[in-house]
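Undergrad: Supplied structure: coords.txt, compact mmCIF, N, CA and C atoms.
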```txt
# COMPACT_ATOMS: atom_id res chain seq x y z
N THR A 32 -37.92 4.80 10.87
CA THR A 32 -37.20 3.58 10.61
C THR A 32 -36.35 3.69 9.35
N GLN A 33 -36.91 4.28 8.31
CA GLN A 33 -36.16 4.39 7.05
C GLN A 33 -34.96 5.30 7.19
N SER A 34 -35.05 6.33 8.02
CA SER A 34 -33.91 7.24 8.16
C SER A 34 -32.73 6.56 8.85
N THR A 35 -32.98 5.75 9.85
CA THR A 35 -31.89 5.05 10.52
C THR A 35 -31.26 4.02 9.60
N TRP A 36 -32.09 3.24 8.92
CA TRP A 36 -31.55 2.27 7.97
C TRP A 36 -30.80 2.98 6.85
N GLY A 37 -31.40 4.06 6.34
CA GLY A 37 -30.78 4.81 5.24
C GLY A 37 -29.44 5.40 5.63
N TYR A 38 -29.36 5.95 6.83
CA TYR A 38 -28.08 6.52 7.30
C TYR A 38 -27.01 5.44 7.39
N ASN A 39 -27.35 4.31 7.94
CA ASN A 39 -26.40 3.21 8.05
C ASN A 39 -25.97 2.73 6.67
N ARG A 40 -26.92 2.60 5.75
CA ARG A 40 -26.59 2.12 4.41
C ARG A 40 -25.72 3.11 3.65
N ILE A 41 -26.03 4.38 3.74
CA ILE A 41 -25.24 5.40 3.04
C ILE A 41 -23.83 5.46 3.62
N ALA A 42 -23.71 5.39 4.94
CA ALA A 42 -22.39 5.40 5.56
C ALA A 42 -21.56 4.20 5.09
N MET A 43 -22.19 3.03 5.03
CA MET A 43 -21.48 1.84 4.57
C MET A 43 -21.14 1.95 3.09
N LEU A 44 -22.02 2.50 2.28
CA LEU A 44 -21.77 2.67 0.86
C LEU A 44 -20.56 3.57 0.62
N ILE A 45 -20.49 4.68 1.33
CA ILE A 45 -19.37 5.61 1.17
C ILE A 45 -18.06 4.94 1.58
N CYS A 46 -18.05 4.32 2.72
CA CYS A 46 -16.82 3.68 3.21
C CYS A 46 -16.40 2.52 2.31
N TYR A 47 -17.35 1.71 1.89
CA TYR A 47 -17.03 0.57 1.04
C TYR A 47 -16.51 1.02 -0.32
N SER A 48 -17.10 2.08 -0.87
CA SER A 48 -16.64 2.59 -2.16
C SER A 48 -15.20 3.09 -2.07
N PHE A 49 -14.88 3.79 -1.00
CA PHE A 49 -13.51 4.23 -0.82
C PHE A 49 -12.58 3.05 -0.61
N LEU A 50 -12.99 2.07 0.18
CA LEU A 50 -12.17 0.89 0.41
C LEU A 50 -11.83 0.20 -0.91
N LYS A 51 -12.82 -0.04 -1.72
CA LYS A 51 -12.61 -0.73 -2.99
C LYS A 51 -11.70 0.07 -3.91
N ASN A 52 -11.93 1.35 -4.02
CA ASN A 52 -11.13 2.17 -4.92
C ASN A 52 -9.70 2.36 -4.44
N VAL A 53 -9.51 2.53 -3.14
CA VAL A 53 -8.16 2.67 -2.61
C VAL A 53 -7.39 1.36 -2.77
N ALA A 54 -8.02 0.25 -2.47
CA ALA A 54 -7.35 -1.04 -2.63
C ALA A 54 -6.99 -1.29 -4.09
N LEU A 55 -7.88 -0.94 -5.00
CA LEU A 55 -7.62 -1.14 -6.42
C LEU A 55 -6.54 -0.19 -6.93
N ALA A 56 -6.47 1.01 -6.41
CA ALA A 56 -5.46 1.98 -6.85
C ALA A 56 -4.07 1.68 -6.28
N LEU A 57 -4.00 1.08 -5.12
CA LEU A 57 -2.70 0.81 -4.51
C LEU A 57 -1.96 -0.35 -5.16
N ILE A 58 -2.67 -1.31 -5.72
CA ILE A 58 -2.02 -2.47 -6.33
C ILE A 58 -1.10 -2.05 -7.48
N PRO A 59 -1.55 -1.22 -8.45
CA PRO A 59 -0.60 -0.76 -9.48
C PRO A 59 0.53 0.10 -8.90
N TRP A 60 0.26 0.80 -7.83
CA TRP A 60 1.32 1.60 -7.20
C TRP A 60 2.41 0.71 -6.63
N TYR A 61 2.03 -0.38 -5.96
CA TYR A 61 3.02 -1.34 -5.48
C TYR A 61 3.79 -1.95 -6.65
N TYR A 62 3.06 -2.26 -7.71
CA TYR A 62 3.67 -2.88 -8.87
C TYR A 62 4.69 -1.96 -9.53
N SER A 63 4.47 -0.66 -9.47
CA SER A 63 5.41 0.28 -10.10
C SER A 63 6.79 0.20 -9.47
N PHE A 64 6.89 -0.17 -8.21
CA PHE A 64 8.19 -0.30 -7.57
C PHE A 64 8.95 -1.53 -8.09
N SER A 65 8.21 -2.58 -8.43
CA SER A 65 8.88 -3.81 -8.85
C SER A 65 9.15 -3.86 -10.36
N ASN A 66 8.56 -2.96 -11.15
CA ASN A 66 8.82 -2.97 -12.59
C ASN A 66 9.61 -1.75 -13.03
N ALA A 67 10.31 -1.12 -12.09
CA ALA A 67 11.19 0.02 -12.37
C ALA A 67 10.45 1.19 -13.04
N TYR A 68 9.24 1.42 -12.64
CA TYR A 68 8.44 2.55 -13.12
C TYR A 68 8.29 2.57 -14.64
N SER A 69 8.14 1.41 -15.25
CA SER A 69 8.08 1.31 -16.71
C SER A 69 6.73 1.74 -17.29
N GLY A 70 5.72 1.82 -16.46
CA GLY A 70 4.40 2.21 -16.94
C GLY A 70 3.50 1.05 -17.32
N THR A 71 3.99 -0.17 -17.21
CA THR A 71 3.14 -1.32 -17.48
C THR A 71 2.17 -1.52 -16.32
N THR A 72 1.04 -2.10 -16.63
CA THR A 72 0.04 -2.30 -15.59
C THR A 72 -0.06 -3.78 -15.22
N PRO A 73 -0.29 -4.07 -13.96
CA PRO A 73 -0.42 -5.47 -13.54
C PRO A 73 -1.80 -6.04 -13.81
N ILE A 74 -2.76 -5.19 -14.11
CA ILE A 74 -4.15 -5.61 -14.27
C ILE A 74 -4.64 -5.19 -15.65
N GLU A 75 -5.18 -6.11 -16.41
CA GLU A 75 -5.74 -5.76 -17.71
C GLU A 75 -7.01 -4.95 -17.52
N ALA A 76 -7.38 -4.17 -18.53
CA ALA A 76 -8.53 -3.28 -18.43
C ALA A 76 -9.82 -4.04 -18.17
N TRP A 77 -10.01 -5.18 -18.85
CA TRP A 77 -11.25 -5.93 -18.65
C TRP A 77 -11.32 -6.52 -17.24
N SER A 78 -10.17 -6.92 -16.70
CA SER A 78 -10.15 -7.46 -15.33
C SER A 78 -10.50 -6.37 -14.32
N GLN A 79 -9.99 -5.18 -14.55
CA GLN A 79 -10.29 -4.08 -13.66
C GLN A 79 -11.77 -3.71 -13.73
N SER A 80 -12.32 -3.74 -14.93
CA SER A 80 -13.76 -3.45 -15.08
C SER A 80 -14.61 -4.52 -14.40
N LEU A 81 -14.22 -5.78 -14.56
CA LEU A 81 -14.94 -6.87 -13.90
C LEU A 81 -14.86 -6.73 -12.38
N PHE A 82 -13.69 -6.37 -11.89
CA PHE A 82 -13.51 -6.14 -10.46
C PHE A 82 -14.44 -5.03 -9.97
N ASN A 83 -14.48 -3.93 -10.72
CA ASN A 83 -15.33 -2.82 -10.33
C ASN A 83 -16.80 -3.21 -10.28
N VAL A 84 -17.24 -3.96 -11.26
CA VAL A 84 -18.65 -4.36 -11.28
C VAL A 84 -18.95 -5.36 -10.17
N SER A 85 -18.12 -6.39 -10.06
CA SER A 85 -18.42 -7.45 -9.10
C SER A 85 -18.23 -7.02 -7.66
N PHE A 86 -17.28 -6.15 -7.39
CA PHE A 86 -17.04 -5.74 -6.02
C PHE A 86 -17.66 -4.39 -5.67
N THR A 87 -18.36 -3.79 -6.60
CA THR A 87 -19.06 -2.54 -6.30
C THR A 87 -20.56 -2.74 -6.35
N ALA A 88 -21.05 -3.27 -7.43
CA ALA A 88 -22.49 -3.35 -7.62
C ALA A 88 -23.14 -4.41 -6.74
N PHE A 89 -22.61 -5.61 -6.78
CA PHE A 89 -23.28 -6.73 -6.10
C PHE A 89 -23.27 -6.62 -4.57
N PRO A 90 -22.15 -6.37 -3.92
CA PRO A 90 -22.19 -6.30 -2.45
C PRO A 90 -23.08 -5.18 -1.93
N ILE A 91 -23.00 -4.03 -2.53
CA ILE A 91 -23.82 -2.91 -2.07
C ILE A 91 -25.29 -3.17 -2.35
N LEU A 92 -25.58 -3.84 -3.45
CA LEU A 92 -26.96 -4.20 -3.74
C LEU A 92 -27.53 -5.11 -2.65
N PHE A 93 -26.77 -6.10 -2.25
CA PHE A 93 -27.22 -7.00 -1.18
C PHE A 93 -27.36 -6.27 0.15
N VAL A 94 -26.42 -5.39 0.45
CA VAL A 94 -26.51 -4.62 1.69
C VAL A 94 -27.75 -3.73 1.66
N GLY A 95 -27.97 -3.08 0.54
CA GLY A 95 -29.13 -2.20 0.42
C GLY A 95 -30.46 -2.92 0.58
N ILE A 96 -30.52 -4.15 0.15
CA ILE A 96 -31.77 -4.90 0.23
C ILE A 96 -31.96 -5.53 1.61
N TYR A 97 -30.91 -6.12 2.15
CA TYR A 97 -31.08 -6.96 3.33
C TYR A 97 -30.62 -6.33 4.65
N ASP A 98 -29.89 -5.24 4.61
CA ASP A 98 -29.32 -4.70 5.85
C ASP A 98 -30.35 -3.94 6.67
N GLN A 99 -30.55 -4.38 7.87
CA GLN A 99 -31.39 -3.68 8.85
C GLN A 99 -30.66 -3.80 10.18
N ILE A 100 -30.14 -2.69 10.66
CA ILE A 100 -29.36 -2.76 11.90
C ILE A 100 -30.23 -3.16 13.07
N VAL A 101 -31.48 -2.74 13.02
CA VAL A 101 -32.45 -3.07 14.07
C VAL A 101 -33.79 -3.31 13.37
N PRO A 102 -34.53 -4.32 13.77
CA PRO A 102 -35.84 -4.54 13.15
C PRO A 102 -36.78 -3.34 13.34
N ARG A 103 -37.69 -3.17 12.41
CA ARG A 103 -38.62 -2.04 12.40
C ARG A 103 -39.40 -1.93 13.72
N ALA A 104 -39.84 -3.06 14.25
CA ALA A 104 -40.63 -3.04 15.48
C ALA A 104 -39.82 -2.46 16.65
N LYS A 105 -38.53 -2.81 16.73
CA LYS A 105 -37.69 -2.29 17.82
C LYS A 105 -37.46 -0.79 17.68
N LEU A 106 -37.29 -0.32 16.44
CA LEU A 106 -37.09 1.11 16.23
C LEU A 106 -38.31 1.91 16.67
N GLN A 107 -39.48 1.36 16.46
CA GLN A 107 -40.70 2.07 16.84
C GLN A 107 -40.90 2.05 18.35
N VAL A 108 -40.44 1.02 19.03
CA VAL A 108 -40.59 0.92 20.48
C VAL A 108 -39.51 1.72 21.19
N PHE A 109 -38.29 1.75 20.64
CA PHE A 109 -37.15 2.43 21.27
C PHE A 109 -36.65 3.57 20.39
N PRO A 110 -37.25 4.73 20.48
CA PRO A 110 -36.84 5.85 19.62
C PRO A 110 -35.41 6.34 19.90
N GLN A 111 -34.84 6.00 21.06
CA GLN A 111 -33.47 6.42 21.34
C GLN A 111 -32.47 5.76 20.39
N LEU A 112 -32.89 4.73 19.68
CA LEU A 112 -32.00 4.10 18.71
C LEU A 112 -31.68 5.03 17.53
N TYR A 113 -32.50 6.06 17.35
CA TYR A 113 -32.23 7.04 16.30
C TYR A 113 -31.01 7.91 16.64
N MET A 114 -30.59 7.88 17.89
CA MET A 114 -29.46 8.70 18.31
C MET A 114 -28.15 8.26 17.65
N ALA A 115 -28.07 7.06 17.16
CA ALA A 115 -26.84 6.60 16.49
C ALA A 115 -26.51 7.50 15.31
N GLY A 116 -27.52 7.91 14.58
CA GLY A 116 -27.30 8.82 13.45
C GLY A 116 -26.92 10.21 13.89
N ILE A 117 -27.57 10.69 14.91
CA ILE A 117 -27.29 12.03 15.42
C ILE A 117 -25.88 12.11 15.99
N ARG A 118 -25.46 11.05 16.62
CA ARG A 118 -24.11 11.01 17.22
C ARG A 118 -23.03 10.57 16.23
N LYS A 119 -23.38 10.38 14.97
CA LYS A 119 -22.45 10.00 13.91
C LYS A 119 -21.69 8.71 14.25
N ARG A 120 -22.42 7.74 14.72
CA ARG A 120 -21.80 6.48 15.12
C ARG A 120 -21.30 5.66 13.95
N PHE A 121 -21.97 5.72 12.80
CA PHE A 121 -21.61 4.88 11.66
C PHE A 121 -20.69 5.56 10.66
N PHE A 122 -20.57 6.88 10.74
CA PHE A 122 -19.70 7.58 9.79
C PHE A 122 -19.05 8.76 10.50
N ASN A 123 -17.79 8.58 10.85
CA ASN A 123 -16.99 9.65 11.44
C ASN A 123 -15.53 9.41 11.05
N VAL A 124 -14.65 10.22 11.54
CA VAL A 124 -13.24 10.12 11.16
C VAL A 124 -12.65 8.77 11.55
N HIS A 125 -12.97 8.29 12.72
CA HIS A 125 -12.41 7.02 13.19
C HIS A 125 -12.92 5.83 12.37
N VAL A 126 -14.18 5.83 12.05
CA VAL A 126 -14.75 4.76 11.23
C VAL A 126 -14.12 4.78 9.84
N PHE A 127 -14.01 5.98 9.26
CA PHE A 127 -13.42 6.11 7.93
C PHE A 127 -11.95 5.67 7.94
N ALA A 128 -11.21 6.03 8.98
CA ALA A 128 -9.81 5.64 9.09
C ALA A 128 -9.67 4.12 9.17
N ARG A 129 -10.56 3.46 9.90
CA ARG A 129 -10.52 1.99 9.97
C ARG A 129 -10.78 1.36 8.61
N TRP A 130 -11.71 1.92 7.85
CA TRP A 130 -11.98 1.40 6.51
C TRP A 130 -10.76 1.61 5.61
N MET A 131 -10.07 2.75 5.74
CA MET A 131 -8.89 3.00 4.90
C MET A 131 -7.73 2.09 5.29
N LEU A 132 -7.58 1.82 6.56
CA LEU A 132 -6.56 0.85 6.98
C LEU A 132 -6.88 -0.53 6.45
N SER A 133 -8.15 -0.87 6.42
CA SER A 133 -8.56 -2.16 5.82
C SER A 133 -8.24 -2.19 4.33
N ALA A 134 -8.43 -1.07 3.65
CA ALA A 134 -8.12 -1.00 2.22
C ALA A 134 -6.63 -1.23 1.98
N ILE A 135 -5.79 -0.63 2.80
CA ILE A 135 -4.35 -0.82 2.67
C ILE A 135 -4.01 -2.28 2.94
N TYR A 136 -4.58 -2.84 3.98
CA TYR A 136 -4.34 -4.24 4.32
C TYR A 136 -4.76 -5.16 3.16
N PHE A 137 -5.96 -4.96 2.61
CA PHE A 137 -6.44 -5.79 1.51
C PHE A 137 -5.55 -5.66 0.28
N SER A 138 -5.10 -4.45 0.00
CA SER A 138 -4.25 -4.26 -1.19
C SER A 138 -2.90 -4.93 -1.01
N VAL A 139 -2.32 -4.84 0.17
CA VAL A 139 -1.02 -5.49 0.43
C VAL A 139 -1.17 -7.00 0.33
N ILE A 140 -2.19 -7.54 0.95
CA ILE A 140 -2.42 -8.99 0.90
C ILE A 140 -2.67 -9.44 -0.54
N SER A 141 -3.49 -8.72 -1.26
CA SER A 141 -3.80 -9.09 -2.65
C SER A 141 -2.57 -9.05 -3.53
N TYR A 142 -1.78 -7.99 -3.41
CA TYR A 142 -0.60 -7.85 -4.26
C TYR A 142 0.44 -8.92 -3.94
N PHE A 143 0.79 -9.06 -2.69
CA PHE A 143 1.86 -9.98 -2.35
C PHE A 143 1.44 -11.45 -2.45
N PHE A 144 0.16 -11.74 -2.29
CA PHE A 144 -0.33 -13.09 -2.51
C PHE A 144 -0.09 -13.49 -3.96
N VAL A 145 -0.38 -12.59 -4.88
CA VAL A 145 -0.18 -12.87 -6.29
C VAL A 145 1.31 -12.90 -6.63
N VAL A 146 2.07 -11.95 -6.12
CA VAL A 146 3.51 -11.89 -6.44
C VAL A 146 4.22 -13.14 -5.94
N PHE A 147 4.02 -13.49 -4.70
CA PHE A 147 4.71 -14.67 -4.17
C PHE A 147 4.15 -15.96 -4.75
N GLY A 148 2.88 -15.97 -5.07
CA GLY A 148 2.30 -17.14 -5.72
C GLY A 148 2.85 -17.32 -7.12
N ALA A 149 3.02 -16.23 -7.86
CA ALA A 149 3.55 -16.31 -9.22
C ALA A 149 5.03 -16.66 -9.22
N LEU A 150 5.77 -16.17 -8.25
CA LEU A 150 7.20 -16.44 -8.22
C LEU A 150 7.53 -17.84 -7.71
N SER A 151 6.61 -18.43 -6.96
CA SER A 151 6.90 -19.75 -6.39
C SER A 151 6.55 -20.89 -7.35
N VAL A 152 5.83 -20.60 -8.41
CA VAL A 152 5.43 -21.63 -9.37
C VAL A 152 6.12 -21.36 -10.70
N SER A 153 6.75 -22.36 -11.22
CA SER A 153 7.43 -22.23 -12.50
C SER A 153 6.55 -22.79 -13.61
N VAL A 154 6.57 -22.16 -14.76
CA VAL A 154 5.81 -22.65 -15.90
C VAL A 154 6.67 -23.57 -16.77
N TYR A 155 7.89 -23.82 -16.33
CA TYR A 155 8.80 -24.64 -17.11
C TYR A 155 9.08 -25.97 -16.41
N LYS A 156 9.25 -26.99 -17.21
CA LYS A 156 9.65 -28.31 -16.70
C LYS A 156 11.15 -28.28 -16.40
N ASP A 157 11.65 -29.36 -15.82
CA ASP A 157 13.08 -29.44 -15.50
C ASP A 157 13.96 -29.40 -16.74
N ASN A 158 13.43 -29.86 -17.89
CA ASN A 158 14.23 -29.86 -19.12
C ASN A 158 14.16 -28.53 -19.87
N GLY A 159 13.47 -27.53 -19.32
CA GLY A 159 13.42 -26.21 -19.93
C GLY A 159 12.22 -25.97 -20.82
N GLN A 160 11.42 -26.99 -21.09
CA GLN A 160 10.24 -26.81 -21.92
C GLN A 160 9.07 -26.31 -21.07
N ALA A 161 8.19 -25.56 -21.71
CA ALA A 161 7.03 -25.03 -21.03
C ALA A 161 5.98 -26.11 -20.89
N PHE A 162 5.19 -26.04 -19.81
CA PHE A 162 4.07 -26.96 -19.65
C PHE A 162 3.03 -26.67 -20.70
N GLY A 163 2.27 -27.68 -21.06
CA GLY A 163 1.13 -27.47 -21.94
C GLY A 163 1.32 -27.84 -23.36
```
Can I see the file as structure tokens?

TA:
Amino acid sequence: TQSTWGYNRIAMLICYSFLKNVALALIPWYYSFSNAYSGTTPIEAWSQSLFNVSFTAFPILFVGIYDQIVPRAKLQVFPQLYMAGIRKRFFNVHVFARWMLSAIYFSVISYFFVVFGALSVSVYKDNGQAFG
């Protein structure tokens, strides 16, 4: 039972880690096109560190504690369920490619949500003074 759960958890950990890192790395890359390659970063260092901790440690911790693809009793009754690991059902090229496409999708949505949100809201009143 532990080997099947462990295989699923490790496969998810690897894919999720790549997803998070690829999505986080692509956002500054998109930003470089809009700031004429000046070298400025769109994300402050503390924000990036907070992102890494909150989106790396906590989700995987919850998955590691609570994820069971099949209850222990079913695994003991149906040993053929162990074949998922042998057949590489949870970690193969196609699964990894889907996770990477999701990373690209998340990074595009995250970047353009912020860009269009920031451009659509003005911090200035009609008379030219700043709010606040």

Undergrad: Looking only at alpha helix (DSSP H) from DSSP on the backbone, list the matching residues of stretch 44-94 of chain A as a ChimeraX atom specification.

TA: /A:44-65,76-83,89-94

Undergrad: For atom CA of A:Ile91 and atom CA of A:Asn52, determine how far apart the two atoms are, in Å to one decimal place.

TA: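 A separation of 14.0 Å between them.
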
Undergrad: What does the distance between atom C of A:Glu75 and atom N of A:Val94 come to in Å, to one decimal place?

TA: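 These atoms are spaced 26.5 Å apart.
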
Undergrad: For a quick check of understanding, using only N, CA and C atoms, which of A:Ser138, A:Ala67, A:Phe122, A:Ser80 has the smallest distance to A:Tyr38?

TA: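 When distances to A:Tyr38 are compared using only N, CA and C atoms, the smallest one comes from A:Phe122.
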
Undergrad: Take atom CA of A:Tyr136 and atom C of A:Tyr97 and report the distance between them in Å, one decimal.

TA: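 Distance between the two atoms: 26.4 Å.
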
Undergrad: As lines of an AutoDock Vina configuration file, please: the centre and edge lengths in Å, to one decimal, of an axis-aligned box enclosing every listed atom of stretch 129-148 of chain A with 8 Å added on each side.

TA:
```
center_x = -3.6
center_y = -6.9
center_z = 1.4
size_x = 32.7
size_y = 36.8
size_z = 33.1
```
